[in-house]
There are 2 protein chains.
Amino acid sequence: MLAKSGLSTIRMQSKRQALLLSSSNCHGYGLLEFAKQEICNFLSINNVRELIFIPYAQNDFNGYTKKIADVIDPWGFSVKGLHTFPDPANAINSAKAIFIGGGNTFLLLHRLYEKNLVNIIRDKVDDGSLIYMGSSAGTNVATISIHTTNDMPIIYPPTFEAIGIVPFNINPHYIDKVDETHKGETRDQRIGEYMEMSHAKPVLGMHEGCILHVNANQLTLKGISGAVLFQKSEMKTKYDVGADLSFLL
Amino acid sequence: MLAKSGLSTIRMQSKRQALLLSSSNCHGYGLLEFAKQEICNFLSINNVRELIFIPYAQNDFNGYTKKIADVIDPWGFSVKGLHTFPDPANAINSAKAIFIGGGNTFLLLHRLYEKNLVNIIRDKVDDGSLIYMGSSAGTNVATISIHTTNDMPIIYPPTFEAIGIVPFNINPHYIDKVDETHKGETRDQRIGEYMEMSHAKPVLGMHEGCILHVNANQLTLKGISGAVLFQKSEMKTKYDVGADLSFLL
Ligand SMILES: [Ca+2]
Ligand SMILES: [Ca+2]
């Protein structure tokens with residue numbers, strides 16, 4: 001849909017402001033703790049004090065929202081669950097910032113389409129009137145498509161195309177450890193299968209602890225661990241925290 | 001589609017004959033070696049000497065077919081790739097037996113629908129005129145749906161519903177090892193997410209080396225390792241090689 005219409009793609013001159021986390025949990029840290037400084041900076045610079053949390057990737061909306069609010073509220077922001085508003089589309093339309101949490105990417109994308117939120121979020125992020133934060137599945141749906149999620153396809157969404165804040169794919173929780181005794185594909189083999197497709201876009205494999213900061217047409221790696229970039233017919237390239245990836249836009 | 005029409009589901013009185021492998025590779029064995037005796041028995045009992053191999057889950061059709069033929073031909077069977085026939089549907093219609101190999105489940109299902117093979121295979125297996133062997137992705141597509149594949153969704157298939165030789169789901173390469181430092185979901189958590197769906201069917205997690213023998217309305221675990229059954233609101237249950245799982249049909 002995205003690719004065909006062209007109309008709904010984020011423009012080159014986009015005013016997008018997004019912070020995309022590989023995961024909310026990182027070994028050795030409490031929930032979101034590794035990302036505290038980046039999240040606080042990002043929200044403050046964008047004058048955000050209220051955040052709508054979208055818990056659609058999981059089923060316990062209240063419990064999930066409370067877990068996130070318990071961490072972020074003490075940092076000086078106020079978090080409300082999207083499910084507590086009578087009309088989700090209206091709520092997004094009046095919101096200044098959203099945070100889409102992790103869980104199952106298929107379930108999340110299915111619900112975003114079901115409630116007609118994909119286009120609204122894309123357009124508002126594009127024109128700079130909505131600040132986007134995502135983690136894990138919430139990062140997958142911010143990209144061009146969910147082709148490189150690690151999640152199980154527990155529900156059939158109307159398309160794999162997603163919000164498209166960035167025009168490439170992300171593999172969150174990226175890991176290159178190999179279990180020699182298990183014969184299922186390694187992560188690199190799975191991403192390699194995608195790269196063989198004619199429709200494949202570059203894939204940024206973000207290690208846990210890695211954060212991608214999208215500032216209009218600037219793309220910077222932040223957080224406490226780096227990423228690996230897969231491109232067609234090229235070896236994978238490693239990028240450390242601080243790397244400028246704006247060439248991907 | 002399957003669930004709605006009802007017409008295309010395998011009947012209770014099915015004459016189905018299928019051998020479903022969790023994987024073709026098993027730690028400590030050469031390709032398919034762990035399954036040699038079961039495969040030879042299964043094909044011989046069903047008077048099969050010629051096997052059409054379906055390499056659609058991977059892209060190198062010739063190379064993949066050769067790898068399989070190099071193993072199975074010496075066992076006294078003749079293997080031909082489906083891609084070498086001018087019309088795949090015709091070839092399946094005249095075939096006595098097929099073997100669908102592993103690779104990417106989404107790519108495999110996409111190609112099976114593209115070439116209109118799903119209904120043909122289902123009907124012929126149902127009436128006993130086609131013997132089915134599958135491994136990994138080839139086992140996933142033999143079940144009711146691909147909701148519980150481990151593969152990356154590299155291409156969007158027209159549905160997640162599959163051939164439906166058995167009315168439940170399989171998770172191949174099932175593993176319950178947990179990496180304490182990685183925060184992505186464990187396999188059990190992923191299957192747990194599926195079990196929360198209203199459309200969820202029971203899921204048989206087949207360890208590598210496990211084989212499911214489908215003999216009309218008899219279901220038996222074979223091979224060199226067992227399986228774990230996930231059912232709604234129940235603890236998972238372990239089954240050893242030799243277990244009778246016919247109650248799942
Ligand atoms: Ca997930
Ligand atoms: Ca696979």
# chains A, B, ... in the order shown; residues from 1 in each chain; ligands from 1
$ residues_around --residues "region 98-111 of chain B" --least-positions-apart "6" --cutoff "7 Å" --atoms "only C-alpha atoms" --output "PyMOL selection string"
chain B and resi 51-58+131-138+141+149+151+153-158
$ interface_residues --of "chain B" --to "chain A" --cutoff "8 Å" --atoms "only C-alpha atoms" --output "number ranges by chain"
B: 23, 25-27, 104, 146-156, 159-160, 173, 181-184, 190-191, 193-194, 197, 208
$ select_by_dssp --residues "region 12-71 of chain B" --states "alpha helix (DSSP H)" --output "list in words"
Lys36, Gln37, Glu38, Ile39, Cys40, Asn41, Phe42, Leu43, Ser44, Ile45, Phe61, Asn62, Gly63, Tyr64, Thr65, Lys66, Lys67, Ile68, Ala69, Asp70 and Val71 of chain B
$ atom_distance --atom1 "CA of Leu212 (chain A)" --atom2 "CA of Asp179 (chain A)"
28.0 Å
$ calpha_fit_and_write --fixed "chain A" --moving "chain B" --output "short mmCIF file (atom, residue, chain, number, x, y, z; two decimals) with C-alpha atoms, in the first residue's frame"
data_model
loop_
_atom_site.label_atom_id
_atom_site.label_comp_id
_atom_site.auth_asym_id
_atom_site.auth_seq_id
_atom_site.Cartn_x
_atom_site.Cartn_y
_atom_site.Cartn_z
CA MET B 1 -0.13 -0.06 0.03
CA LEU B 2 2.55 2.37 1.09
CA ALA B 3 4.82 1.59 -1.82
CA LYS B 4 2.02 1.73 -4.36
CA SER B 5 0.28 4.94 -3.38
CA GLY B 6 3.43 6.92 -2.65
CA LEU B 7 1.14 9.57 -1.16
CA SER B 8 1.40 8.29 2.35
CA THR B 9 5.17 7.95 2.53
CA ILE B 10 7.05 10.28 4.83
CA ARG B 11 8.52 13.10 2.74
CA MET B 12 12.21 13.92 2.48
CA GLN B 13 11.45 17.28 4.11
CA SER B 14 9.79 15.54 7.04
CA LYS B 15 9.75 17.25 10.43
CA ARG B 16 9.76 13.82 12.12
CA GLN B 17 11.01 13.50 15.70
CA ALA B 18 11.35 9.94 16.88
CA LEU B 19 13.25 7.89 19.44
CA LEU B 20 13.34 4.19 18.56
CA LEU B 21 14.54 1.75 21.22
CA SER B 22 15.63 -1.78 20.38
CA SER B 23 14.05 -2.95 23.65
CA SER B 24 12.71 -1.63 26.95
CA ASN B 25 14.75 -4.16 28.90
CA CYS B 26 18.50 -4.41 28.77
CA HIS B 27 20.60 -6.89 30.75
CA GLY B 28 21.75 -5.33 34.04
CA TYR B 29 19.19 -2.47 34.01
CA GLY B 30 15.65 -1.95 35.29
CA LEU B 31 12.83 -1.31 32.80
CA LEU B 32 13.83 1.57 30.45
CA GLU B 33 16.57 2.57 32.90
CA PHE B 34 19.38 2.37 30.31
CA ALA B 35 17.48 4.90 28.18
CA LYS B 36 16.47 7.34 30.93
CA GLN B 37 18.77 10.20 29.94
CA GLU B 38 17.96 9.92 26.23
CA ILE B 39 14.21 9.75 26.84
CA CYS B 40 14.29 12.74 29.20
CA ASN B 41 16.40 14.80 26.78
CA PHE B 42 14.25 13.87 23.80
CA LEU B 43 10.97 14.72 25.50
CA SER B 44 12.27 17.92 27.07
CA ILE B 45 13.78 19.28 23.85
CA ASN B 46 10.41 18.66 22.19
CA ASN B 47 8.53 20.35 25.06
CA VAL B 48 6.64 17.18 25.91
CA ARG B 49 5.23 16.71 29.41
CA GLU B 50 2.35 14.36 28.57
CA LEU B 51 2.71 11.06 26.78
CA ILE B 52 0.04 8.71 25.48
CA PHE B 53 1.17 5.11 25.89
CA ILE B 54 -0.11 2.58 23.32
CA PRO B 55 -0.23 -0.87 24.98
CA TYR B 56 -1.71 -2.71 21.94
CA ALA B 57 1.23 -5.13 21.54
CA GLN B 58 0.09 -6.88 24.73
CA ASN B 59 -3.33 -7.80 26.12
CA ASP B 60 -3.27 -6.42 29.67
CA PHE B 61 -3.68 -2.74 28.73
CA ASN B 62 -4.05 -1.47 32.32
CA GLY B 63 -1.23 -3.53 33.77
CA TYR B 64 1.15 -2.70 30.92
CA THR B 65 0.40 1.03 31.06
CA LYS B 66 0.89 1.08 34.84
CA LYS B 67 4.29 -0.63 34.51
CA ILE B 68 5.44 2.06 32.08
CA ALA B 69 3.86 4.95 34.00
CA ASP B 70 5.50 3.74 37.22
CA VAL B 71 8.88 4.22 35.55
CA ILE B 72 8.32 7.37 33.48
CA ASP B 73 6.03 9.45 35.75
CA PRO B 74 8.80 9.89 38.39
CA TRP B 75 11.02 11.32 35.62
CA GLY B 76 8.63 14.27 35.41
CA PHE B 77 6.27 13.20 32.64
CA SER B 78 2.66 12.10 32.78
CA VAL B 79 1.70 8.84 31.05
CA LYS B 80 -1.87 7.87 30.05
CA GLY B 81 -2.94 4.69 28.24
CA LEU B 82 -4.57 5.18 24.83
CA HIS B 83 -7.20 2.59 25.82
CA THR B 84 -8.54 4.97 28.51
CA PHE B 85 -9.71 7.47 25.86
CA PRO B 86 -13.19 6.97 24.34
CA ASP B 87 -11.94 7.49 20.75
CA PRO B 88 -8.32 6.45 20.03
CA ALA B 89 -8.09 8.39 16.73
CA ASN B 90 -9.33 11.58 18.42
CA ALA B 91 -6.90 11.06 21.27
CA ILE B 92 -3.95 10.72 18.88
CA ASN B 93 -5.15 13.77 16.95
CA SER B 94 -4.99 15.92 20.09
CA ALA B 95 -1.83 14.28 21.48
CA LYS B 96 1.58 15.87 21.53
CA ALA B 97 3.53 12.61 21.94
CA ILE B 98 3.03 8.84 21.89
CA PHE B 99 5.03 5.90 23.14
CA ILE B 100 4.31 2.49 21.54
CA GLY B 101 5.53 -0.36 23.72
CA GLY B 102 6.76 -3.83 22.81
CA GLY B 103 5.04 -7.19 22.83
CA ASN B 104 3.83 -8.89 19.66
CA THR B 105 4.40 -6.91 16.45
CA PHE B 106 1.64 -8.66 14.45
CA LEU B 107 -0.94 -8.02 17.17
CA LEU B 108 0.21 -4.40 17.47
CA LEU B 109 0.07 -3.68 13.72
CA HIS B 110 -3.29 -5.46 13.43
CA ARG B 111 -4.78 -3.25 16.15
CA LEU B 112 -3.26 -0.04 14.74
CA TYR B 113 -4.93 -0.75 11.38
CA GLU B 114 -8.18 -1.90 13.01
CA LYS B 115 -8.45 1.46 14.77
CA ASN B 116 -7.32 3.38 11.67
CA LEU B 117 -4.33 4.88 13.44
CA VAL B 118 -1.52 4.13 10.98
CA ASN B 119 -2.18 7.03 8.58
CA ILE B 120 -2.96 9.49 11.37
CA ILE B 121 0.29 8.72 13.17
CA ARG B 122 2.31 8.84 9.92
CA ASP B 123 0.89 12.21 8.85
CA LYS B 124 1.20 13.84 12.27
CA VAL B 125 4.77 12.63 12.77
CA ASP B 126 5.62 13.82 9.27
CA ASP B 127 4.39 17.37 9.84
CA GLY B 128 6.04 17.57 13.25
CA SER B 129 2.84 17.73 15.31
CA LEU B 130 3.33 14.31 16.96
CA ILE B 131 6.47 13.14 18.76
CA TYR B 132 7.07 9.38 18.45
CA MET B 133 8.69 6.99 20.89
CA GLY B 134 8.77 3.25 20.28
CA SER B 135 10.37 0.19 21.78
CA SER B 136 10.82 -3.28 20.25
CA ALA B 137 7.49 -3.98 18.44
CA GLY B 138 6.81 -0.23 18.74
CA THR B 139 10.07 0.33 16.85
CA ASN B 140 9.24 -2.31 14.20
CA VAL B 141 5.93 -0.60 13.33
CA ALA B 142 7.71 2.77 13.02
CA THR B 143 9.70 1.47 10.06
CA ILE B 144 8.71 0.80 6.47
CA SER B 145 7.38 -2.70 7.28
CA ILE B 146 7.37 -5.45 9.87
CA HIS B 147 9.21 -7.91 7.60
CA THR B 148 12.10 -8.14 10.07
CA THR B 149 10.34 -8.57 13.40
CA ASN B 150 11.41 -11.53 15.56
CA ASP B 151 7.84 -12.11 16.72
CA MET B 152 5.58 -15.07 16.05
CA PRO B 153 2.81 -14.37 13.49
CA ILE B 154 -0.02 -14.96 15.98
CA ILE B 155 -2.56 -12.87 14.02
CA TYR B 156 -2.85 -11.96 10.31
CA PRO B 157 -2.59 -8.18 9.81
CA PRO B 158 -4.07 -6.52 6.68
CA THR B 159 -0.53 -5.83 5.41
CA PHE B 160 3.06 -6.01 6.65
CA GLU B 161 3.55 -2.36 5.67
CA ALA B 162 3.80 -0.08 8.66
CA ILE B 163 3.98 3.58 9.66
CA GLY B 164 7.15 4.26 7.70
CA ILE B 165 8.77 7.00 9.76
CA VAL B 166 12.05 5.63 8.41
CA PRO B 167 12.29 4.07 4.91
CA PHE B 168 14.21 0.93 5.96
CA ASN B 169 13.74 -2.08 8.25
CA ILE B 170 14.86 -2.64 11.82
CA ASN B 171 15.57 -5.91 13.57
CA PRO B 172 15.25 -5.17 17.29
CA HIS B 173 16.88 -7.34 20.00
CA TYR B 174 19.56 -8.05 17.38
CA ILE B 175 21.97 -10.76 18.50
CA ASP B 176 24.74 -12.59 16.67
CA LYS B 177 25.33 -15.34 19.22
CA VAL B 178 25.08 -18.81 17.65
CA ASP B 179 23.90 -21.97 19.43
CA GLU B 180 25.94 -24.71 17.72
CA THR B 181 23.62 -27.53 18.82
CA HIS B 182 20.35 -25.92 17.64
CA LYS B 183 19.64 -26.19 13.93
CA GLY B 184 17.05 -23.41 13.56
CA GLU B 185 18.29 -20.41 11.56
CA THR B 186 20.57 -17.90 13.26
CA ARG B 187 19.44 -14.27 13.29
CA ASP B 188 21.88 -13.43 10.48
CA GLN B 189 20.48 -16.28 8.37
CA ARG B 190 16.93 -15.03 8.94
CA ILE B 191 17.88 -11.49 7.90
CA GLY B 192 19.80 -13.02 4.97
CA GLU B 193 16.57 -14.70 3.78
CA TYR B 194 14.86 -11.28 3.77
CA MET B 195 17.76 -9.67 1.88
CA GLU B 196 17.20 -12.21 -0.94
CA MET B 197 13.69 -10.81 -1.55
CA SER B 198 13.35 -8.32 -4.41
CA HIS B 199 11.39 -5.99 -2.11
CA ALA B 200 14.05 -6.04 0.64
CA LYS B 201 15.17 -2.72 2.16
CA PRO B 202 18.32 -2.24 4.25
CA VAL B 203 17.99 -3.77 7.73
CA LEU B 204 19.42 -2.16 10.84
CA GLY B 205 20.03 -4.86 13.46
CA MET B 206 19.88 -2.97 16.76
CA HIS B 207 21.48 -4.67 19.76
CA GLU B 208 19.53 -4.49 23.03
CA GLY B 209 20.45 -1.15 24.62
CA CYS B 210 20.69 0.58 21.23
CA ILE B 211 18.56 3.67 20.49
CA LEU B 212 17.97 5.32 17.11
CA HIS B 213 17.37 9.06 17.26
CA VAL B 214 15.45 10.45 14.29
CA ASN B 215 15.72 14.24 14.12
CA ALA B 216 14.12 15.33 10.81
CA ASN B 217 16.74 14.17 8.30
CA GLN B 218 19.38 13.28 10.87
CA LEU B 219 19.74 9.76 12.14
CA THR B 220 22.04 9.04 15.09
CA LEU B 221 22.80 5.89 17.11
CA LYS B 222 22.48 6.46 20.84
CA GLY B 223 22.12 4.34 23.97
CA ILE B 224 24.63 1.86 25.36
CA SER B 225 25.18 -0.53 22.45
CA GLY B 226 25.55 -0.36 18.70
CA ALA B 227 23.97 -1.77 15.59
CA VAL B 228 24.74 -3.73 12.45
CA LEU B 229 23.58 -2.73 8.97
CA PHE B 230 22.60 -5.32 6.34
CA GLN B 231 22.39 -4.16 2.74
CA LYS B 232 21.82 -6.04 -0.51
CA SER B 233 24.95 -7.80 -1.80
CA GLU B 234 27.13 -6.24 0.86
CA MET B 235 28.83 -7.52 3.99
CA LYS B 236 27.19 -6.37 7.19
CA THR B 237 28.65 -3.18 8.66
CA LYS B 238 29.01 -2.46 12.37
CA TYR B 239 28.13 0.95 13.79
CA ASP B 240 28.97 2.15 17.28
CA VAL B 241 27.02 4.47 19.55
CA GLY B 242 27.34 8.00 18.15
CA ALA B 243 27.39 6.89 14.50
CA ASP B 244 25.60 9.10 11.95
CA LEU B 245 23.23 6.98 9.84
CA SER B 246 21.50 9.85 8.06
CA PHE B 247 22.47 8.32 4.69
CA LEU B 248 19.70 5.76 5.30
CA LEU B 249 16.97 8.42 4.98
#
$ select_by_dssp --residues "region 49-240 of chain B" --states "strand (DSSP E)" --output "PyMOL selection string"
chain B and resi 50-54+78-81+97-100+131-135+169-174+203-207+210-215+218-223+227-230+237-239
$ write_last_selection --atoms "C-alpha atoms" --output "PDB file, in the first residue's frame"
ATOM      1  CA  GLU B  50       9.249 -41.804  -6.492  1.00  0.00           C
ATOM      2  CA  LEU B  51       9.087 -38.572  -4.552  1.00  0.00           C
ATOM      3  CA  ILE B  52       8.539 -35.032  -5.791  1.00  0.00           C
ATOM      4  CA  PHE B  53      10.581 -32.597  -3.710  1.00  0.00           C
ATOM      5  CA  ILE B  54       9.160 -29.073  -3.268  1.00  0.00           C
ATOM      6  CA  SER B  78      14.021 -41.413  -6.703  1.00  0.00           C
ATOM      7  CA  VAL B  79      13.705 -37.683  -5.979  1.00  0.00           C
ATOM      8  CA  LYS B  80      12.724 -35.038  -8.565  1.00  0.00           C
ATOM      9  CA  GLY B  81      12.298 -31.297  -7.945  1.00  0.00           C
ATOM     10  CA  ALA B  97       4.208 -38.620  -2.910  1.00  0.00           C
ATOM     11  CA  ILE B  98       5.681 -35.205  -2.101  1.00  0.00           C
ATOM     12  CA  PHE B  99       8.316 -33.972   0.299  1.00  0.00           C
ATOM     13  CA  ILE B 100       8.214 -30.262   1.246  1.00  0.00           C
ATOM     14  CA  ILE B 131       1.542 -39.241   0.486  1.00  0.00           C
ATOM     15  CA  TYR B 132       2.929 -36.220   2.357  1.00  0.00           C
ATOM     16  CA  MET B 133       6.348 -35.686   3.886  1.00  0.00           C
ATOM     17  CA  GLY B 134       7.381 -32.357   5.368  1.00  0.00           C
ATOM     18  CA  SER B 135      10.233 -30.941   7.379  1.00  0.00           C
ATOM     19  CA  ASN B 169      -0.470 -25.949  15.116  1.00  0.00           C
ATOM     20  CA  ILE B 170       3.116 -27.130  15.260  1.00  0.00           C
ATOM     21  CA  ASN B 171       6.158 -25.248  16.468  1.00  0.00           C
ATOM     22  CA  PRO B 172       9.144 -26.969  14.841  1.00  0.00           C
ATOM     23  CA  HIS B 173      12.706 -26.715  16.224  1.00  0.00           C
ATOM     24  CA  TYR B 174      11.025 -26.376  19.636  1.00  0.00           C
ATOM     25  CA  VAL B 203       0.357 -26.131  19.643  1.00  0.00           C
ATOM     26  CA  LEU B 204       2.667 -29.122  19.478  1.00  0.00           C
ATOM     27  CA  GLY B 205       6.235 -27.972  20.153  1.00  0.00           C
ATOM     28  CA  MET B 206       8.381 -30.593  18.422  1.00  0.00           C
ATOM     29  CA  HIS B 207      12.008 -30.828  19.539  1.00  0.00           C
ATOM     30  CA  CYS B 210      11.008 -35.423  16.669  1.00  0.00           C
ATOM     31  CA  ILE B 211       8.745 -36.887  13.956  1.00  0.00           C
ATOM     32  CA  LEU B 212       4.941 -36.912  13.869  1.00  0.00           C
ATOM     33  CA  HIS B 213       3.420 -39.875  12.048  1.00  0.00           C
ATOM     34  CA  VAL B 214      -0.095 -39.258  10.739  1.00  0.00           C
ATOM     35  CA  ASN B 215      -1.805 -42.511   9.788  1.00  0.00           C
ATOM     36  CA  GLN B 218      -3.808 -42.156  14.335  1.00  0.00           C
ATOM     37  CA  LEU B 219      -1.131 -39.758  15.451  1.00  0.00           C
ATOM     38  CA  THR B 220       2.129 -41.097  16.889  1.00  0.00           C
ATOM     39  CA  LEU B 221       5.366 -39.428  18.019  1.00  0.00           C
ATOM     40  CA  LYS B 222       8.435 -41.011  16.447  1.00  0.00           C
ATOM     41  CA  GLY B 223      12.076 -40.103  15.905  1.00  0.00           C
ATOM     42  CA  ALA B 227       7.387 -32.937  22.037  1.00  0.00           C
ATOM     43  CA  VAL B 228       5.506 -30.557  24.301  1.00  0.00           C
ATOM     44  CA  LEU B 229       1.806 -29.761  23.949  1.00  0.00           C
ATOM     45  CA  PHE B 230       0.399 -26.297  24.697  1.00  0.00           C
ATOM     46  CA  THR B 237       2.419 -31.412  28.742  1.00  0.00           C
ATOM     47  CA  LYS B 238       5.494 -33.398  27.733  1.00  0.00           C
ATOM     48  CA  TYR B 239       5.203 -36.387  25.403  1.00  0.00           C
TER      49      TYR B 239
END
